[in-house]
Amino acid sequence: MALIDDVAARLAPDDPNAARVQALNVFALMVGTLQVSRALADQRLADDVLEEGIQNALALLGTERTG
């Protein structure tokens with residue numbers, strides 16, 4: 001939970017408790033994405049899953065990645 005609390009503090013420095021659930025959801029998304037990717041035998045598909053997971057995590061955080 002220390003990691004989650006640190007992320008939440010960065011997401012909402014004025015009220016980290018308000019961002020705690022969001023931080024947990026993003027963490028759960030990233031862990032699930034990594035596990036699914038590792039379970040796939042097709043490396044291209046695994047890479048696509050990882051990329052989509054990154055995009056989804058950034059969307060949940062209200063950030064976009066360019067490039």
# chains A, B, ... in the order shown; residues from 1 in each chain; ligands from 1

$ residues_around --residues "A:Gln35" --least-positions-apart "4" --cutoff "12 Å" --atoms "only C-alpha atoms" --output "list in words"
Ala28, Leu29, Met30, Val31, Ala39, Leu40, Ala46, Val49, Leu50 and Gly53 of chain A

$ residues_around --residues "stretch 55-63 of chain A" --least-positions-apart "3" --cutoff "9 Å" --atoms "only C-alpha atoms" --output "PyMOL selection string"
chain A and resi 11+22-23+25-27+29-30+50-52

$ atom_distance --atom1 "atom CA of A:Val21" --atom2 "atom CA of A:Ala8"
8.3 Å

$ atom_distance --atom1 "atom CA of A:Asn17" --atom2 "atom CA of A:Met1"
12.1 Å

$ select_by_dssp --residues "chain A" --states "alpha helix (DSSP H)" --output "PyMOL selection string"
chain A and resi 2-11+16-39+43-60

$ write_last_selection --atoms "N, CA and C atoms" --output "short mmCIF file (atom, residue, chain, number, x, y, z; two decimals), in the first residue's frame"
data_model
loop_
_atom_site.label_atom_id
_atom_site.label_comp_id
_atom_site.auth_asym_id
_atom_site.auth_seq_id
_atom_site.Cartn_x
_atom_site.Cartn_y
_atom_site.Cartn_z
N ALA A 2 2.11 1.14 0.40
CA ALA A 2 2.99 2.31 0.39
C ALA A 2 3.17 2.84 -1.03
N LEU A 3 3.33 1.92 -1.98
CA LEU A 3 3.47 2.32 -3.38
C LEU A 3 2.20 3.02 -3.86
N ILE A 4 1.06 2.47 -3.53
CA ILE A 4 -0.22 3.06 -3.94
C ILE A 4 -0.37 4.44 -3.32
N ASP A 5 -0.02 4.58 -2.06
CA ASP A 5 -0.13 5.88 -1.40
C ASP A 5 0.81 6.91 -2.01
N ASP A 6 1.99 6.46 -2.45
CA ASP A 6 2.92 7.37 -3.11
C ASP A 6 2.37 7.84 -4.45
N VAL A 7 1.82 6.92 -5.21
CA VAL A 7 1.22 7.29 -6.50
C VAL A 7 0.04 8.23 -6.27
N ALA A 8 -0.80 7.92 -5.31
CA ALA A 8 -1.95 8.77 -5.02
C ALA A 8 -1.51 10.18 -4.62
N ALA A 9 -0.44 10.28 -3.88
CA ALA A 9 0.07 11.59 -3.47
C ALA A 9 0.55 12.39 -4.68
N ARG A 10 1.07 11.70 -5.68
CA ARG A 10 1.51 12.38 -6.89
C ARG A 10 0.33 12.77 -7.78
N LEU A 11 -0.72 11.94 -7.75
CA LEU A 11 -1.90 12.24 -8.56
C LEU A 11 -2.68 13.42 -8.00
N PRO A 16 -4.49 13.22 -1.30
CA PRO A 16 -4.11 11.90 -1.80
C PRO A 16 -5.13 10.80 -1.51
N ASN A 17 -5.89 10.94 -0.44
CA ASN A 17 -6.91 9.92 -0.13
C ASN A 17 -7.96 9.84 -1.23
N ALA A 18 -8.23 10.95 -1.87
CA ALA A 18 -9.22 10.97 -2.95
C ALA A 18 -8.72 10.21 -4.17
N ALA A 19 -7.42 10.13 -4.36
CA ALA A 19 -6.84 9.46 -5.52
C ALA A 19 -6.42 8.02 -5.24
N ARG A 20 -6.62 7.56 -4.03
CA ARG A 20 -6.16 6.22 -3.66
C ARG A 20 -6.83 5.12 -4.46
N VAL A 21 -8.13 5.21 -4.65
CA VAL A 21 -8.85 4.19 -5.42
C VAL A 21 -8.41 4.23 -6.88
N GLN A 22 -8.21 5.42 -7.42
CA GLN A 22 -7.74 5.54 -8.79
C GLN A 22 -6.35 4.89 -8.94
N ALA A 23 -5.48 5.14 -7.99
CA ALA A 23 -4.14 4.54 -8.03
C ALA A 23 -4.22 3.02 -7.95
N LEU A 24 -5.10 2.50 -7.11
CA LEU A 24 -5.28 1.05 -7.02
C LEU A 24 -5.81 0.46 -8.33
N ASN A 25 -6.74 1.15 -8.95
CA ASN A 25 -7.30 0.66 -10.22
C ASN A 25 -6.25 0.64 -11.32
N VAL A 26 -5.44 1.67 -11.40
CA VAL A 26 -4.38 1.71 -12.41
C VAL A 26 -3.36 0.61 -12.14
N PHE A 27 -3.00 0.41 -10.89
CA PHE A 27 -2.06 -0.65 -10.53
C PHE A 27 -2.62 -2.02 -10.92
N ALA A 28 -3.89 -2.27 -10.61
CA ALA A 28 -4.52 -3.54 -10.95
C ALA A 28 -4.54 -3.74 -12.47
N LEU A 29 -4.82 -2.70 -13.20
CA LEU A 29 -4.81 -2.78 -14.66
C LEU A 29 -3.43 -3.16 -15.17
N MET A 30 -2.40 -2.52 -14.63
CA MET A 30 -1.04 -2.80 -15.09
C MET A 30 -0.61 -4.22 -14.75
N VAL A 31 -0.93 -4.70 -13.56
CA VAL A 31 -0.57 -6.06 -13.16
C VAL A 31 -1.29 -7.07 -14.05
N GLY A 32 -2.57 -6.86 -14.27
CA GLY A 32 -3.34 -7.77 -15.13
C GLY A 32 -2.82 -7.78 -16.55
N THR A 33 -2.50 -6.62 -17.07
CA THR A 33 -1.96 -6.52 -18.42
C THR A 33 -0.65 -7.30 -18.54
N LEU A 34 0.21 -7.14 -17.57
CA LEU A 34 1.49 -7.83 -17.59
C LEU A 34 1.30 -9.35 -17.53
N GLN A 35 0.39 -9.82 -16.69
CA GLN A 35 0.15 -11.25 -16.56
C GLN A 35 -0.41 -11.84 -17.85
N VAL A 36 -1.36 -11.15 -18.46
CA VAL A 36 -1.94 -11.64 -19.71
C VAL A 36 -0.87 -11.66 -20.80
N SER A 37 -0.09 -10.62 -20.88
CA SER A 37 0.96 -10.55 -21.88
C SER A 37 1.95 -11.70 -21.73
N ARG A 38 2.33 -11.99 -20.52
CA ARG A 38 3.29 -13.08 -20.27
C ARG A 38 2.72 -14.45 -20.62
N ALA A 39 1.41 -14.59 -20.54
CA ALA A 39 0.77 -15.87 -20.81
C ALA A 39 0.62 -16.15 -22.31
N GLN A 43 4.42 -13.37 -29.55
CA GLN A 43 5.13 -12.18 -29.05
C GLN A 43 4.52 -10.88 -29.56
N ARG A 44 4.08 -10.86 -30.80
CA ARG A 44 3.47 -9.64 -31.36
C ARG A 44 2.18 -9.30 -30.60
N LEU A 45 1.37 -10.32 -30.35
CA LEU A 45 0.13 -10.11 -29.60
C LEU A 45 0.44 -9.68 -28.17
N ALA A 46 1.45 -10.28 -27.56
CA ALA A 46 1.84 -9.90 -26.20
C ALA A 46 2.27 -8.43 -26.15
N ASP A 47 3.04 -8.01 -27.15
CA ASP A 47 3.46 -6.61 -27.22
C ASP A 47 2.27 -5.68 -27.41
N ASP A 48 1.32 -6.10 -28.24
CA ASP A 48 0.12 -5.29 -28.46
C ASP A 48 -0.69 -5.14 -27.17
N VAL A 49 -0.79 -6.23 -26.42
CA VAL A 49 -1.51 -6.19 -25.14
C VAL A 49 -0.83 -5.21 -24.19
N LEU A 50 0.50 -5.27 -24.12
CA LEU A 50 1.24 -4.34 -23.26
C LEU A 50 1.02 -2.89 -23.68
N GLU A 51 1.10 -2.63 -24.97
CA GLU A 51 0.91 -1.27 -25.46
C GLU A 51 -0.50 -0.75 -25.15
N GLU A 52 -1.49 -1.59 -25.36
CA GLU A 52 -2.86 -1.20 -25.06
C GLU A 52 -3.04 -0.96 -23.56
N GLY A 53 -2.40 -1.78 -22.74
CA GLY A 53 -2.45 -1.58 -21.29
C GLY A 53 -1.86 -0.25 -20.88
N ILE A 54 -0.75 0.12 -21.51
CA ILE A 54 -0.14 1.43 -21.24
C ILE A 54 -1.11 2.55 -21.60
N GLN A 55 -1.70 2.44 -22.78
CA GLN A 55 -2.64 3.47 -23.23
C GLN A 55 -3.85 3.57 -22.28
N ASN A 56 -4.34 2.43 -21.83
CA ASN A 56 -5.49 2.43 -20.91
C ASN A 56 -5.12 3.03 -19.56
N ALA A 57 -3.93 2.71 -19.06
CA ALA A 57 -3.50 3.28 -17.78
C ALA A 57 -3.37 4.80 -17.90
N LEU A 58 -2.77 5.26 -18.98
CA LEU A 58 -2.63 6.71 -19.18
C LEU A 58 -3.98 7.39 -19.31
N ALA A 59 -4.92 6.73 -19.99
CA ALA A 59 -6.27 7.29 -20.12
C ALA A 59 -6.94 7.41 -18.75
N LEU A 60 -6.78 6.39 -17.91
CA LEU A 60 -7.35 6.45 -16.56
C LEU A 60 -6.74 7.58 -15.73
#

$ decode --residues "stretch 32-46 of chain A" --atoms "all heavy atoms" --output "JSON list (two decimals), in the first residue's frame"
[["chain", "number", "residue", "atom", "x", "y", "z"],
["A", 32, "GLY", "N", -2.57, -6.86, -14.27],
["A", 32, "GLY", "CA", -3.34, -7.77, -15.13],
["A", 32, "GLY", "C", -2.82, -7.78, -16.55],
["A", 32, "GLY", "O", -2.70, -8.85, -17.18],
["A", 33, "THR", "N", -2.50, -6.62, -17.07],
["A", 33, "THR", "CA", -1.96, -6.52, -18.42],
["A", 33, "THR", "C", -0.65, -7.30, -18.54],
["A", 33, "THR", "O", -0.43, -8.04, -19.50],
["A", 33, "THR", "CB", -1.74, -5.04, -18.80],
["A", 33, "THR", "OG1", -3.00, -4.36, -18.81],
["A", 33, "THR", "CG2", -1.09, -4.90, -20.16],
["A", 34, "LEU", "N", 0.21, -7.14, -17.57],
["A", 34, "LEU", "CA", 1.49, -7.83, -17.59],
["A", 34, "LEU", "C", 1.30, -9.35, -17.53],
["A", 34, "LEU", "O", 1.94, -10.11, -18.27],
["A", 34, "LEU", "CB", 2.36, -7.37, -16.42],
["A", 34, "LEU", "CG", 3.76, -7.93, -16.35],
["A", 34, "LEU", "CD1", 4.56, -7.57, -17.60],
["A", 34, "LEU", "CD2", 4.47, -7.41, -15.11],
["A", 35, "GLN", "N", 0.39, -9.82, -16.69],
["A", 35, "GLN", "CA", 0.15, -11.25, -16.56],
["A", 35, "GLN", "C", -0.41, -11.84, -17.85],
["A", 35, "GLN", "O", 0.01, -12.92, -18.29],
["A", 35, "GLN", "CB", -0.79, -11.55, -15.39],
["A", 35, "GLN", "CG", -0.19, -11.27, -14.05],
["A", 35, "GLN", "CD", 0.97, -12.20, -13.72],
["A", 35, "GLN", "OE1", 1.36, -13.07, -14.48],
["A", 35, "GLN", "NE2", 1.52, -12.03, -12.55],
["A", 36, "VAL", "N", -1.36, -11.15, -18.46],
["A", 36, "VAL", "CA", -1.94, -11.64, -19.71],
["A", 36, "VAL", "C", -0.87, -11.66, -20.80],
["A", 36, "VAL", "O", -0.74, -12.62, -21.55],
["A", 36, "VAL", "CB", -3.15, -10.79, -20.14],
["A", 36, "VAL", "CG1", -3.59, -11.12, -21.56],
["A", 36, "VAL", "CG2", -4.31, -11.00, -19.17],
["A", 37, "SER", "N", -0.09, -10.62, -20.88],
["A", 37, "SER", "CA", 0.96, -10.55, -21.88],
["A", 37, "SER", "C", 1.95, -11.70, -21.73],
["A", 37, "SER", "O", 2.36, -12.31, -22.72],
["A", 37, "SER", "CB", 1.69, -9.20, -21.78],
["A", 37, "SER", "OG", 2.78, -9.16, -22.66],
["A", 38, "ARG", "N", 2.33, -11.99, -20.52],
["A", 38, "ARG", "CA", 3.29, -13.08, -20.27],
["A", 38, "ARG", "C", 2.72, -14.45, -20.62],
["A", 38, "ARG", "O", 3.45, -15.37, -20.95],
["A", 38, "ARG", "CB", 3.72, -13.08, -18.81],
["A", 38, "ARG", "CG", 4.67, -11.97, -18.47],
["A", 38, "ARG", "CD", 5.09, -12.07, -17.02],
["A", 38, "ARG", "NE", 6.08, -11.07, -16.70],
["A", 38, "ARG", "CZ", 6.56, -10.87, -15.50],
["A", 38, "ARG", "NH1", 6.13, -11.61, -14.48],
["A", 38, "ARG", "NH2", 7.46, -9.94, -15.27],
["A", 39, "ALA", "N", 1.41, -14.59, -20.54],
["A", 39, "ALA", "CA", 0.77, -15.87, -20.81],
["A", 39, "ALA", "C", 0.62, -16.15, -22.31],
["A", 39, "ALA", "O", 0.33, -17.29, -22.70],
["A", 39, "ALA", "CB", -0.60, -15.92, -20.15],
["A", 40, "LEU", "N", 0.82, -15.16, -23.14],
["A", 40, "LEU", "CA", 0.64, -15.32, -24.57],
["A", 40, "LEU", "C", 1.91, -15.87, -25.24],
["A", 40, "LEU", "O", 3.01, -15.38, -24.98],
["A", 40, "LEU", "CB", 0.26, -13.99, -25.21],
["A", 40, "LEU", "CG", -1.09, -13.42, -24.77],
["A", 40, "LEU", "CD1", -1.25, -12.00, -25.25],
["A", 40, "LEU", "CD2", -2.22, -14.30, -25.27],
["A", 41, "ALA", "N", 1.73, -16.83, -26.13],
["A", 41, "ALA", "CA", 2.87, -17.38, -26.87],
["A", 41, "ALA", "C", 3.25, -16.50, -28.05],
["A", 41, "ALA", "O", 4.40, -16.47, -28.46],
["A", 41, "ALA", "CB", 2.53, -18.79, -27.35],
["A", 42, "ASP", "N", 2.30, -15.78, -28.59],
["A", 42, "ASP", "CA", 2.53, -14.90, -29.75],
["A", 42, "ASP", "C", 3.14, -13.58, -29.26],
["A", 42, "ASP", "O", 2.47, -12.78, -28.61],
["A", 42, "ASP", "CB", 1.20, -14.66, -30.46],
["A", 42, "ASP", "CG", 1.30, -13.79, -31.69],
["A", 42, "ASP", "OD1", 2.23, -12.96, -31.79],
["A", 42, "ASP", "OD2", 0.41, -13.92, -32.55],
["A", 43, "GLN", "N", 4.42, -13.37, -29.55],
["A", 43, "GLN", "CA", 5.13, -12.18, -29.05],
["A", 43, "GLN", "C", 4.52, -10.88, -29.56],
["A", 43, "GLN", "O", 4.44, -9.90, -28.84],
["A", 43, "GLN", "CB", 6.61, -12.24, -29.42],
["A", 43, "GLN", "CG", 7.43, -11.13, -28.77],
["A", 43, "GLN", "CD", 7.37, -11.15, -27.26],
["A", 43, "GLN", "OE1", 7.58, -12.19, -26.65],
["A", 43, "GLN", "NE2", 7.06, -10.03, -26.64],
["A", 44, "ARG", "N", 4.08, -10.86, -30.80],
["A", 44, "ARG", "CA", 3.47, -9.64, -31.36],
["A", 44, "ARG", "C", 2.18, -9.30, -30.60],
["A", 44, "ARG", "O", 1.94, -8.16, -30.25],
["A", 44, "ARG", "CB", 3.18, -9.81, -32.84],
["A", 44, "ARG", "CG", 2.52, -8.54, -33.43],
["A", 44, "ARG", "CD", 2.28, -8.67, -34.90],
["A", 44, "ARG", "NE", 3.55, -8.44, -35.58],
["A", 44, "ARG", "CZ", 3.82, -8.84, -36.80],
["A", 44, "ARG", "NH1", 2.92, -9.51, -37.49],
["A", 44, "ARG", "NH2", 4.99, -8.58, -37.34],
["A", 45, "LEU", "N", 1.37, -10.32, -30.35],
["A", 45, "LEU", "CA", 0.13, -10.11, -29.60],
["A", 45, "LEU", "C", 0.44, -9.68, -28.17],
["A", 45, "LEU", "O", -0.21, -8.77, -27.63],
["A", 45, "LEU", "CB", -0.71, -11.39, -29.60],
["A", 45, "LEU", "CG", -2.06, -11.31, -28.89],
["A", 45, "LEU", "CD1", -2.93, -10.19, -29.46],
["A", 45, "LEU", "CD2", -2.77, -12.65, -28.98],
["A", 46, "ALA", "N", 1.45, -10.28, -27.56],
["A", 46, "ALA", "CA", 1.84, -9.90, -26.20],
["A", 46, "ALA", "C", 2.27, -8.43, -26.15],
["A", 46, "ALA", "O", 1.88, -7.69, -25.24],
["A", 46, "ALA", "CB", 2.97, -10.79, -25.71]]
